[in-house]
Structures are given as structure tokens and as C-alpha cells.
Amino acid sequence: MAGNRVRTSKYTWYSFLPRNLFEQFRRLAYVYFLVIAVLNQIPQLAVFGRTASIIPLAFVLFVTAVKDGYEDWARHKSDLVENNRLAHVFQESEFRAKKWKKIQVGELLKVFANETMPCDLVLLGTSDPSGVAYVQTTNLDGESNLKTRYAHQETLLRHPEDQPINGVVHCEHPNRNIYEFKAYLDLDTDNPTGTRLPLGPNNIVLRGCELKNTQWIVGVAVYTGKETKAMLNSSGAQSKRSKLEQQMNRETLWLSLFLFILCLIGGVGTGVWVARRDDELDMLPYYKRTEFPRSGADDGDKYMYYGVAGEAVIAFLSCLISFQIMIPLSLYISMELVRLAQTFFMVRDTEMLHVETDSRLQCRALNINEDLGQIKYVFSDKTGTLTENMMEFHSASICGVKYAKAGSKASGDVEISGNEAKPGVNADLKSILTAGTAEAEAVKEFFLVLAACNTVVPTWVTQSSSGQLEMEVASAEIEPSGFVEYQGESPDEQALVAAASSYGFTLMERTASSIVIGNSGTTERYEILGIHEFDSVRKRMSVVVECPDKTIKVLVKGADTNMLNIVNISSESQDVRQATLRHLKDFAQDGLRTLVVASKVLGRSEFEKWLGRYSEASTALHDRAEMLQAAAAFVENRLTLIGATGIEDKLQDGVPEAISSLREAGIRVWVLTGDKQETAISIGYSSALLTHDMDQIIINESSKEGCRSALKAAKLKTGVTPQAVKKNARDSTLALIIDGTSLVHALSDDLNQELFEVAVACHAVLCCRVAPYQKAAIVSLIKRKDKAMTLSIGDGANDVAMIQMADVGVGISGQEGRQAVMASDFAMPRFRFLNKLLLVHGHWNYQRLAYMVLYNFYRNAVFVMMLFWYILYTAFSSQSALVDLNLIFYSLLFTSVPTIVVAIFDKDLSHKTLLRLPTLYGSGLRHETYNQNLFWLTMLDTLWQSLVLFYVPWFTYKESTIDIWSLGTLWTAAVVILVNLHLALDVQVWNWIMHLAIWGSIAITYIILFIMDSLTDATSIYHYWVIHHAVGTAKYWFDLLLIMCLALLPRFMVKVVKQRWWASDIDIAREAEIISRRKSSPLPREIELQQQTSS
Amino acid sequence: MEVVSSSESPTSSASTSTAATASLPPSLKSRRPKYSRFTQQELPACKPMLTTGWVISIFMAVGVLFIPLGACALNSSKKVVEIVDQYETVCIPSAGTKEARVQYIQDISTAKACTRQLLVTKNMAKPIYVYYELHNFFQNHRRYVKSRSDQQLLYGNASESSMANCDPQRLIAGKPIVPCGLIAWSLFNDTYSFKLNSVALVINRKGIAWDSDRKDKFGGSVYPSNFPNNYPAATNGSIIGGASLDPNTPLNANEDLIVWMRTAALPVFRKLWGKIERDLYAGDLITVDINNVYNVYSFHGKKKLVLATTSWLGGKNHFLGIAYLVVGGLSIAMAMVFVGIQIKCPRPLGDPSYLSWNKNKGRDLNTSPSATGVHFEVCGTFMFLEVKALCS
């Protein structure tokens, strides 16, 4: 068995080099680099000096290795700290300190309050007599509420110091599911009376959890080291590739083709040239094929000559080496840097900061930032995403009587104790309770279910002398002080328990075996005989309790559809059933979340039968869930309907505004919810998804045929033909509302085309009662059929599938735990931030990166083309007029910084304009900044610029005394200045960083040129003092000026004409923005800024 | 107590690609970002806008700058006086086949003197430069450019690796050639002597190479040795590529070599041969005795002798002047066109009615907006009419 040592670091000092290199070379681009560098080492091909050719590759490898190494060093340090922490381990009849890394599976550990678990432990005993332990799982899943874990009564009182414990834990394979654990414990195996105890997720505490409110626990290590669930979960987010990058790769293929053609011309040209001069080559003063004096009788001593075909191949390959940067490899690194900066800015946006929870945007995926600017579909969950997920008990229906506003703060008197607002109280209900009639019994039963049928833990929060809030688990014995706070995993349950409490049924204590309910001064203890926890199939939860009067009851609450099927249908209850149904509908229309409450008394024999099944199921290692469901079904039937609850879930701030501006931006917002249709529609209206002038198409069909005809009818209504799909969407006032049952059929292979056509023709789409897998299926349908970018946003575990399916997954870091966040690419605390994330940051990210890609294509291609024209005048030999190092420095040093800086800081429109005119987002949807046409246009421009670059000096210096390096130094400076001016022409926001980067890079180029031409060492003396001579001639400066103006003229004209006659929305908006700024006095802006600062 | 896994030992391995966030303590610091203009991307900045006014100003500025510059450049280029004489064909006896010419030029036994007469048509102010010009000679061939050892040229002895590129002109009989390589081997060796009106004309052959080359690139104590051109072909089977080198002249004193070794950028090039440091006048007759020995016949090369003055912009080349005038003229014309456009059909800046969704409400966002195109058509027709009116 593995020890508890963990290693999150990737490398050791000896494995670093090979492993890091291996990982780096998995990127195809680096292999290309390597092949080129290796080719250059062949003497016949050596275009660059041997060392110069390795510089780019070495540089990239080195930078990446340093980055990886640094990250790994940090991991090493944290591993070291982690592994050497101390834990109390049972050794030689007492608990002694032992290093974490030495803990072995099977050892007994004692963990004290506020300590962190060193490994996954099965609880054996706790300081609490009832065997409860409270843990905080912030490190594991980010949830800060306390979770209860239980030790079995059988092991609770056996302290290893006093008597040895003996047993075997049988558990499943280590896995990463932190919400599941299946095992059993055979206690006292050497004893025939040994018992088998079931172990579930409630009995295990996981590595990384902190023990709270419990003095100590004793547990046995079951998973250690890398097998712990925490470590198994520590893998990073999956890497996605952005759409822009995919498109970019397509264009890279074109560039590869250009490169191939250029090299082919070089190769064929050389072949033809050599073939035509075959008789001259021996004596050609600049070629001299044959070596003299001849060493032997044969005249085969050809110097470096491999025949026509051989020369052609060599020329082809050496062209490949010279022109390698046609494929802009540095672009990949630049893009990563830019994305990193974008993340930096997005995370620091003060407008995406949620002050109440002090949380902000998290960027979990680093390489899809620009996708945010091209989203066409947003799929949103409802609960917790559009709403607060702060549940409040609102209405109740008890025995067919509706008590509206039973918990609303508006009606009852609001009690505030501490910072916890207690729900108000409905006076009618209160008076019935005190009346003692038959009605009162039902009401009591109702609140009993609310108080008992849940997993909520009451804790007392007191203010300590130091002013800190201290939490203590409530217990009936302890004199209550301070106020009760209910800790639970479900906000609905917390709301219900709080409501019960305000009517006098206060949940005071909860242990594994019993609960204590305080009822107007008296306390009653209910023994818990079994719990059937909530699952998504049954959609209900039940507890079997023994009441103080020894009757055994099943208390059930659950979703209405599932509950109404299992309640007792008799004539007298029929009225109640009808009334309750009516009320449920009313509740739903008010946007309330509904639950149905029921109970029944269990007979002795029935109870015995159930207990048998239940205990068997609880200890089962396989199919436990199924067996537990069967046991639940055994008691969850013929229930007495008591009533229903309506819980209000308030809409988050700014949701309607955010949805309407997203819609204005041309983004389709679809809401996919598990709620009932009525609830969903009601939320739809309040969140501005639906408006009253919309024509609703509602599809509720339970059969395939029904579904087919409904879709057909809907299609007629929309008048949809596939061609018209896109056209009508904006104008249509149709809303599609479809439920999960219909979706089962509609998503099937033969109907999904119809569904798609109808759905995209509708202005709004609302899917209700959908299962998690259906959410994902809808996303996948749109992704497949529309080829558009999709974004899913959700907060709960049920949204994980859809978040992972979408191109961009956004998690709401809210009440429902962290699973959605873990699966997401971006996480944020509030839905309304999506607005700024997409409309502003998404737009900027897309504009910036898209421009950067095109510019980098141009930047490298113009350089390569310039080099190419020259070889037409060097007899196709791949000689470059530029010195070796400048060929390397060009893309690495001379021109790399400005493009990165511009991609980070340039800004076409201010965030105010973008938010005010959401339609501007459409430019990303239409791929306005990066598309095939733009690519070809850019390439045409590149061709022109390269011709100007080459031929202006050619015409100037033909029939002159110019030497190769002097012409080269002119070309070096010209191309660097030209690409920087080209960039400067496109910069929209000139701040000091831009100025520094663009003019600075030209200055640095000159400085480097001067330095390099002053060196006299063996490798650089050949270009000694060249630039010093060049800058002293007037022609040099005349050429530079002419090149710049002539090369940029077409681009400038196109820009002017485009802006004058084909101005895009962005152009117009930018003009309006600049004009309004110029007109307004500077004062309002100052005030605005101050407000931002102070807020 | 022991724990037994329910089946054989697990084989799953933990993914270790990122740091275990679970093991790090939660950050207790407030994550609230500080407001700064930098992090909010609100740095003070200038936002240039390409208004018609700016376009006109830019074109005007370019025009106003370029036309005078072009005029100056063209003027100075026109003032340059150049006398060019192509002599490689006329200086050999017959216009025979290529083979015959090559044979003639390679025959060291025949004298190859050739006399040319050049008439000065315009006054030429001193200094007058004498160049030789070669055509179809690829001094920029990759094989040729690297065929030298800069280390050897400066220090005399050089490492093996430094001399490796000199092949096949590296060693003779195991001894290194100084200076090695094809460039030095193919040194141009035609010589000229000038007579002005039958009086010898002094040519200054000093100061024709770059000072930096003479001082720092070619050694003062490096003397040619084992140089193949110094030996008749018969002695060791080698062939002569060009000029021989005086073994007693250090490399940095041989300016012809230094000039030659600054390899030309293009296959047509001139090399400075000397300077005439007196004025020449129109009608002067210059007689040149050419020793025509350099072999360009094997590759259809041309040889020209050039006498030229220079201006501040260099030699005679109208290109720059014309190009500047054309670009300047175009710019002025563009400026005029835009002035016309601005007067006849101005487009208000930042007018929201030009936004695609205002221009044609309800148009689909997914098709590219071409709203303002209508405006262009109207305006275009208008301009066309105007042009017609001008012509009639």
C-alpha cells in the first residue's frame, strides 16, 4: 500500500530535462522548429550560421522550460511542507506525532479541532457522544458551510488507548467522486459476534477537510497519498481550443502552401539555372564547381555539387530554412502572453466584483478568452443562476387551505436577531396552531415534516469576547445562547426548517440517530430509524422516525409530480388533492418553487419488513443505490397528503437588464431549468426572457407522434423554411416552451432537425423539467446544427454536463457548491456579470487577438516575401542580404513586443459604448475582424508591401557600388519600420505604453544594428561598420521615406474609403464616442472617475 | 486494524498536472481588486480618428513634402554626368563563338591591349570617379558570398573552421592560400591607363575602399602567400581566376582587393577603380588603354568602364526623383478628390443613423451591413457627372 506522500510536482531534478523537452516537443510547431534547425546543420544547407539557426528554438524552449521549472519548484515547496506536517497516529498504544508522508493505510489517526485531515479517514469515534463530527470542505469543493459526518455507534465508545479495535474495512477502488463512498466495516472479525457496518459518504472525512466544532475524531486511514479523493480531483481543467485558433490553423495551412510554392520556385529555379549553365559551372568565378588542381586522374572532383536534381533539392531545403518564419511560430507564444494579460484585466475588473461575497471573476481556462466575443447562444440554468438561490418560505397549502405569504417578510412582523432574518409569520396559521382543533393536528404534522425531513444541522452562533463569531453545534442539553443558524446542503431545506422554527417547531439537535424538536418551550426527541435521501429519480426524501409516543411514521417531502402519484387516493382526500393541485399551480405561477408534503403511520409489521430491507441495502457494497430505492419505494406509498409549500427564490439583481442587452447583442438566450413549466414561465417574464406580446408555442407531449405533430404545427406557425431560419429570428415574437418529456422525443434523431428549426426561429426558448443530460443534449444539438459558438452558464451539479458540452462553460460560484465551477472555464458570482464579460471583455479579447493573428501573418510574410524577391537576383541561391542574426532577431526581438503590447492595450471602443450599444457585439458574431476575405486582403497588401520593400532599393541601387550588407541593412531597417508603422496605422488608442513599444522597438532595432555592426569578432566582422556607412548617405533616408509612403498607401486608401463609405457599426460608434468626448467638458469625466474610485 | 481494498490493488494513477489546490490554505486576503486606471484599461490615451480633414491634411503633407524633394532629387541626378563605355565585345578580335572568346581570353601568351576613346560631352567637376561595371556576375551567390575567411584576412592565420568556407580555394599542396576563397581568387584584373588629349591623366587609386575596411577588416601584416593566381597555370595545374597579388603588399594596402571583397548586392554592379582629381570639359577626348584580361566571356558577362561625377544623392539615377514626384503628385490629387468629396457629399461623423440597425431596421445581423454603400453610389454618380462636365 502506498504511503501518504503526495507529489504534485511533475519533475525531479534528474527527470526535468528529458521530460520537459518531451512535453514541449509534443507541440507540432516545435517539431517544425527542430526539423528546420537540424536541416541547417547539414553543411550543404547551412543558410544561417550553426548557432544562429538554433537561437529561435533554444529561446522558445528555454523560456518555456524556465516557466515550467518555476511552477514546478513552487509545487515542490508546497509538497515538502505538506508531506512533513505532523499528525497523531496510533503507535504503540498511544497517539504519537508522525509525519504525514509516513502514514499508512489502516493506521488509526486522531485529529483535533481545526486540524486538516492528512488522508481520507473512516470515522470511528468522535468527541461528541452521538458520534457527530463537523467538517468544513472549503479546500475540497469550496463550500464553507459545515457538513456532518457520523461515526457508527458500535465503534463510538471504543477508544484504541483502552482496548484494541479489530476489524476490516472493505472499500471500493479509489475514485475522484467526492460525494460517493461505498464500503463496509467488519468489526471484530475474530469474534463470531462481529458485526458488519455499512459505510457511506457520511462516514468518511476526506483529505483537505478541516475539523470544526468537534474536539477530536478518531478514524482509520482508507485512502492515502495520491489515492485520496482530493488528489484524484486535482487535475486541471481540460484544454479547449478557441474558434479563432481553429480558423487560424486553416490559414496557417495556406501559409504553408505559400512557403511550399516559394521553396519550389527556389528549387526549380536553381535546377534550371544549373542545367542551363552546365558547361560554364566549372569555371564560373562565383561558382567554380570543379576543384583545381585535380587530385587524381578522374575529373569527378566536383566541389559541393550533386547534379541538377541534387542542387534543386538542396535549394528547396535551404529556401525552407531561410523562409521558415513564414509560419508564425512566435504567434502561439504571443497569443498565450496576450491571453494571460487579458485574464489579468478581466479578473481585476471592478465592475465584475461582487462586494457582498467579496468574490470576482475567475478564469479557469486560459486559452479561449476570444471565444467570449463570438457567442451566439447562451444556455442558462434558472435556479441559482438567474435567481439568488436564497430560498424563502413564501406560501403554504395545508389540507386544501392556502396560506399565502406564510413566510413573507411583508405581512408578518419581521424578527431580526443577529444578522439572520427570520421569516415572518402568518397570523392565521399561528392562531390555528394554538386553537387545538383537528386542523391544528394537520398543521402540526405539516411543520413536523418540515422540521424533521431534511439533513439540516442546527448550530448556535455566539459572539465571543474577541468579537469573532463562533459556531457550536446545537444540542438540546446546552443552554441556547446567541442565535440558531441552520447549516445544510440544500437552501430549500434551510428555508423550510427556518419556517418551521418560526411557527414554534424548532429543530434543536440532530445526531445520526435522533433529532430534537423544540415545540413552544418543550422538547421532543424523535428517533431516526432510517433516511432515504433525495435522489434525482425519486425526486423526494423521506425519514422514518419513532415519535415520542412510540408510533412510527414516514415523513416525506418531494417534487409534486412524483409525490401526487404515491399519495393515498380516497374519496375524502380527493378534495384536498384537488385543492392542493390548484394551489401548486398558483404557487408556480407566482414563480415559487413547490414541494409536496405527506406522511403516514407505519404499522409494526410493515416497519419490520422495511427495516430488514433497509439494513440489507445500507450494507450492500454493490447496487446499494438501487436497493435503497427499492426500500424507499416500500414505504413511500399510500401516503396521506398534508399539503404543499411554496418557496420563493428571488431573481438576482440586474438579470432582466442583462438578458435584454444580451438579446439586443444578437445572442440567443435559452433557459433550461428543472423547474415546473409554470414556475419557469413566471421567471421567464420577470427576467425579461418572455414578454407579453410574444406568441407562445407550448409543447407538452408524452408521445413521439404527438411531439412530431406539435413540432409540425409549430413550424407552420413560424413559417419556417430552412433558408428563412436565420432571417426571421430577430423579428419573430415567438417563444418556444418545451418540457423535458417532449424533449425526450424531440431530441431523437428523426425529430431533432424539426426541433432545431423551430427553436432557432423563436425569439425565446424555455425548456423546463429537463434532466441534466437533456441540457447537454440541447447544447450539443445547437453546436452540431448551427456551428455557432455556445455558452452554458449554471451553478449546480446538474449543470455540469451542459457546461462541459458548450464551447464556453461559465459557473456561478454561488450557493449550490462548486461542482459547476470546477467544470467551468470561467466562474463568476453573479449572472449579470455575463453582460460585461461578453459585451465588453469578450469583444475586446476577440478584436485584439483577431487583429494580432492577421498582423502576425502579415509581419512574417512580408519579411519572407522581401527575402524571396532577392533570391530571384542571386541565381536562386538562398542568399540573404540581411545578416544571419537579423534574420533571427526580426521576429524574435525587433518586432515582437509592439504586436503583443497592441494586442493587450488597444481598444476600439470604451466599455461604456459597448454596454450602451450591445448590438456592436454583432461584429464578433459576423467574424468581422478575422475572416477568409480579410486574410486574402491582408496577403494582397503583404504582396504589395514586400514588392515596395524590395524594388524601391533595387531601382535606387541598380548599377551602383552598393554591397550586399549595405543593402541588407537598409532592408532590415525598412521592414522593421514598415511593420511598426503599419501597426501604428491601426492602433486606436495611443497611450504611453503604445508609444513606448512601437517607437521603442524601432529605436532598439537601430541600437542593435549599430552595436552589431561595431563588433569585430570572427562571426560578425563581415558586416562591420556597414550601418555607420549607410546612414551617412542621403539615398538611405530617401529610400526609407519612399518605402514607407508607397507601401502603406494602398492600405491607407482602403482604410479611408472603407471608413468613408462602408463604415462598420464599430467605426460609427467610435466616431460618436470620440466626438462626444471632445464636446463635453472634462468635468463630468472626472466626476465619473471619482465615483468609480469611491464605490 | 487493517484496510483491504475490495479487489486487487488499484491501478489508477493520479493526474499531477497542476498543483493541488486542495492542499493549499485558502487565501484569507480580500480579493477585492484595487481601482486603477491601468487595471480598468482606462489609461489616458489619444484616440486618433481618420476624419476627412485628417485624410486631406495627410495627403497634402505628403504631397508638399514629396514634390520638392523629388524635384531636388531629379535635378541633382540630371546634373550628374556619366560616360559609359561597354568594351568586352569590342576589345576582342572577333565576334566568334563563346568558346573562341574564352579560349582567347585564357591564352596568356597573347597581349590583350585595347584602346578606347571617350568623348566628354558635358563639363565634369572633380572628383570624377572611375568605375568598372560588370553584368551577369553573381557576386551575391550563396556559394560565393561565404567563400572567404574574414579571420584570415585580418590575422593571416585562421582556424580550420573559419577557413572551411573557402573551399575549393583553401589549400594548395596542403598549405593554406592567403587570401583564401573564391572572392579573392576571382579578383578583377583589367587595368586602365588614361590619356587626356594625349597627355597622361593621373588617376588616384588610393582611398577607393572604405576606411573601416582598411583599418579593421584587412590586416596590415598579412601578406598574400601561396596565392594561385600568382603562378602560371602550367606549374601546378590550377587555373587563374583573376588578378595576382603582390606578395610584398599587405592586404590592407591592396585597395582593389578590399573593394572587390565587399561583394556586390546585385548581379549588375560597379566597383570604384580610381578618382580623377581634376575637372573635365566638354569636348575633351579621353583615351583609355585597357588591358582586357578578365574573363567574363564564359558566362556572357559584360564589362563597362564608367566615368562619373556624383551629387549629394549619389550617382545618376532618376528613379528616386521620379518616384517622389509621382507619389507627391498622387497625394495632392487624392487630397483634392477628398476636398471635393467633403464639399459635395460630406458624411457627418458618428451619426447614429449610419449604424446598420438604424439604417435598415430589422435587417439580419448576420449579414454584413452595407448600408452606407447606397450613399456611395449616389455620391459616385455625382462625381462621375462632374468629371464629365469638366471634360466637355
# chains A, B, ... in the order shown; residues from 1 in each chain; ligands from 1
call {"tool": "residues_around", "arguments": {"residues": "Met390 in chain A", "least_positions_apart": "3", "cutoff": "9 Å", "atoms": "only C-alpha atoms", "output": "list in words"}}
result
Gly384, Thr387, Pro491, Asp492, Ala495, Glu648, Asp649, Lys650 and Gln815 of chain A
call {"tool": "select_by_dssp", "arguments": {"residues": "range 167-384 of chain B", "states": "strand (DSSP E)", "output": "VMD selection string"}}
result
chain B and resid 171 to 172 175 to 176 191 to 196 199 to 201 203 to 204 269 to 276 285 to 291 302 to 308
call {"tool": "select_by_dssp", "arguments": {"residues": "range 21-264 of chain B", "states": "alpha helix (DSSP H)", "output": "JSON, numbers by chain"}}
result
{"B": [52, 53, 54, 55, 56, 57, 58, 59, 60, 61, 62, 63, 64, 65, 66, 67, 68, 69, 70, 71, 72, 73, 74, 75, 76, 77, 78, 79, 98, 99, 100, 101, 102, 103, 104, 105, 106, 142, 143, 144, 145, 150, 151, 152, 153, 154, 155, 160, 161, 162, 163, 182, 183, 184, 185, 211, 212, 233, 234, 235, 236, 255, 256, 257, 258, 259, 260, 261]}
call {"tool": "closest_residue", "arguments": {"among": "B:Gly301, B:Pro176, B:Pro93, B:Pro224", "to": "chain A", "atoms": "only C-alpha atoms"}}
result
B:Gly301
call {"tool": "residues_around", "arguments": {"residues": "Thr673 in chain A", "least_positions_apart": "4", "cutoff": "8 Å", "atoms": "only C-alpha atoms", "output": "list of chain:residue names"}}
result
A:Ser380, A:Asp381, A:Lys382, A:Thr383, A:Ala680, A:Leu766, A:Cys767, A:Cys768, A:Arg769, A:Val770
call {"tool": "write_last_selection", "arguments": {"atoms": "C-alpha atoms", "output": "short mmCIF file (atom, residue, chain, number, x, y, z; two decimals), in the first residue's frame"}}
result
data_model
loop_
_atom_site.label_atom_id
_atom_site.label_comp_id
_atom_site.auth_asym_id
_atom_site.auth_seq_id
_atom_site.Cartn_x
_atom_site.Cartn_y
_atom_site.Cartn_z
CA SER A 380 -28.72 29.34 -18.78
CA ASP A 381 -29.86 27.40 -15.81
CA LYS A 382 -32.51 29.11 -13.73
CA THR A 383 -32.12 28.33 -10.06
CA ALA A 680 -40.31 28.69 -15.47
CA LEU A 766 -37.57 27.99 -22.44
CA CYS A 767 -37.07 24.35 -21.59
CA CYS A 768 -38.50 23.19 -18.32
CA ARG A 769 -38.38 19.97 -16.38
CA VAL A 770 -35.21 18.99 -18.16
#
call {"tool": "residues_around", "arguments": {"residues": "Leu307 in chain B", "least_positions_apart": "6", "cutoff": "9 Å", "atoms": "only C-alpha atoms", "output": "MDAnalysis selection string"}}
result
chainID B and resid 81:85 128:132 275:276
call {"tool": "residues_around", "arguments": {"residues": "Phe319 in chain B", "least_positions_apart": "6", "cutoff": "8 Å", "atoms": "only C-alpha atoms", "output": "number ranges by chain"}}
result
A: 955-956; B: 74
call {"tool": "residues_around", "arguments": {"residues": "range 244-251 of chain A", "least_positions_apart": "4", "cutoff": "9 Å", "atoms": "only C-alpha atoms", "output": "list in words"}}
result
Leu255, Ser256, Ile368, Glu370, Asp371, Tyr846, Leu849, Ala850, Val853, Leu854, Phe857, Tyr930, Asn931, Gln932 and Phe935 of chain A
call {"tool": "closest_residue", "arguments": {"among": "A:Met694, A:Val35, A:Val205, A:Leu281", "to": "Asp120 in chain A", "atoms": "only C-alpha atoms"}}
result
A:Val205
call {"tool": "closest_residue", "arguments": {"among": "B:Gly242, B:Gly274, B:Gly329, B:Gly156", "to": "Ala184 in chain B", "atoms": "only C-alpha atoms"}}
result
B:Gly242
call {"tool": "closest_residue", "arguments": {"among": "B:Cys180, B:Ala61, B:Leu280, B:Ile286", "to": "Ser193 in chain B", "atoms": "only C-alpha atoms"}}
result
B:Ile286
call {"tool": "closest_residue", "arguments": {"among": "B:Trp357, B:Tyr87, B:Phe269, B:Trp260", "to": "chain A", "atoms": "only C-alpha atoms"}}
result
B:Phe269
call {"tool": "closest_residue", "arguments": {"among": "B:Leu257, B:Ile208, B:Ala335, B:Ile341", "to": "Trp54 in chain B", "atoms": "only C-alpha atoms"}}
result
B:Ala335
call {"tool": "atom_distance", "arguments": {"atom1": "CA of Ala631 in chain A", "atom2": "CA of Phe181 in chain A"}}
result
19.5 Å
call {"tool": "residues_around", "arguments": {"residues": "Ala71 in chain B", "least_positions_apart": "4", "cutoff": "9 Å", "atoms": "only C-alpha atoms", "output": "list in words"}}
result
Phe66, Ile67, Asn75, Ser76, Gly321, Ile322, Tyr324 and Leu325 of chain B
call {"tool": "write_last_selection", "arguments": {"atoms": "N, CA, C and O atoms", "output": "PDB file, in the first residue's frame"}}
result
ATOM      1  N   PHE B  66       6.886  65.717 -50.666  1.00  0.00           N
ATOM      2  CA  PHE B  66       7.498  64.865 -51.684  1.00  0.00           C
ATOM      3  C   PHE B  66       7.830  65.603 -52.975  1.00  0.00           C
ATOM      4  O   PHE B  66       8.838  65.298 -53.607  1.00  0.00           O
ATOM      5  N   ILE B  67       6.999  66.553 -53.369  1.00  0.00           N
ATOM      6  CA  ILE B  67       7.244  67.195 -54.665  1.00  0.00           C
ATOM      7  C   ILE B  67       8.562  67.977 -54.667  1.00  0.00           C
ATOM      8  O   ILE B  67       9.391  67.764 -55.548  1.00  0.00           O
ATOM      9  N   ASN B  75      16.668  66.760 -60.122  1.00  0.00           N
ATOM     10  CA  ASN B  75      17.588  67.785 -60.590  1.00  0.00           C
ATOM     11  C   ASN B  75      19.035  67.360 -60.363  1.00  0.00           C
ATOM     12  O   ASN B  75      19.871  67.423 -61.274  1.00  0.00           O
ATOM     13  N   SER B  76      19.303  66.892 -59.171  1.00  0.00           N
ATOM     14  CA  SER B  76      20.689  66.531 -58.868  1.00  0.00           C
ATOM     15  C   SER B  76      21.111  65.322 -59.692  1.00  0.00           C
ATOM     16  O   SER B  76      22.257  65.229 -60.130  1.00  0.00           O
ATOM     17  N   GLY B 321      13.920  60.563 -57.901  1.00  0.00           N
ATOM     18  CA  GLY B 321      13.268  61.832 -58.205  1.00  0.00           C
ATOM     19  C   GLY B 321      11.887  61.611 -58.784  1.00  0.00           C
ATOM     20  O   GLY B 321      10.897  62.193 -58.323  1.00  0.00           O
ATOM     21  N   ILE B 322      11.812  60.714 -59.766  1.00  0.00           N
ATOM     22  CA  ILE B 322      10.517  60.477 -60.409  1.00  0.00           C
ATOM     23  C   ILE B 322       9.526  59.876 -59.415  1.00  0.00           C
ATOM     24  O   ILE B 322       8.374  60.310 -59.326  1.00  0.00           O
ATOM     25  N   TYR B 324       9.417  60.162 -56.226  1.00  0.00           N
ATOM     26  CA  TYR B 324       8.948  61.171 -55.274  1.00  0.00           C
ATOM     27  C   TYR B 324       7.934  62.091 -55.918  1.00  0.00           C
ATOM     28  O   TYR B 324       6.909  62.428 -55.325  1.00  0.00           O
ATOM     29  N   LEU B 325       8.204  62.476 -57.152  1.00  0.00           N
ATOM     30  CA  LEU B 325       7.265  63.372 -57.833  1.00  0.00           C
ATOM     31  C   LEU B 325       5.922  62.680 -58.046  1.00  0.00           C
ATOM     32  O   LEU B 325       4.868  63.266 -57.834  1.00  0.00           O
TER      33      LEU B 325
END
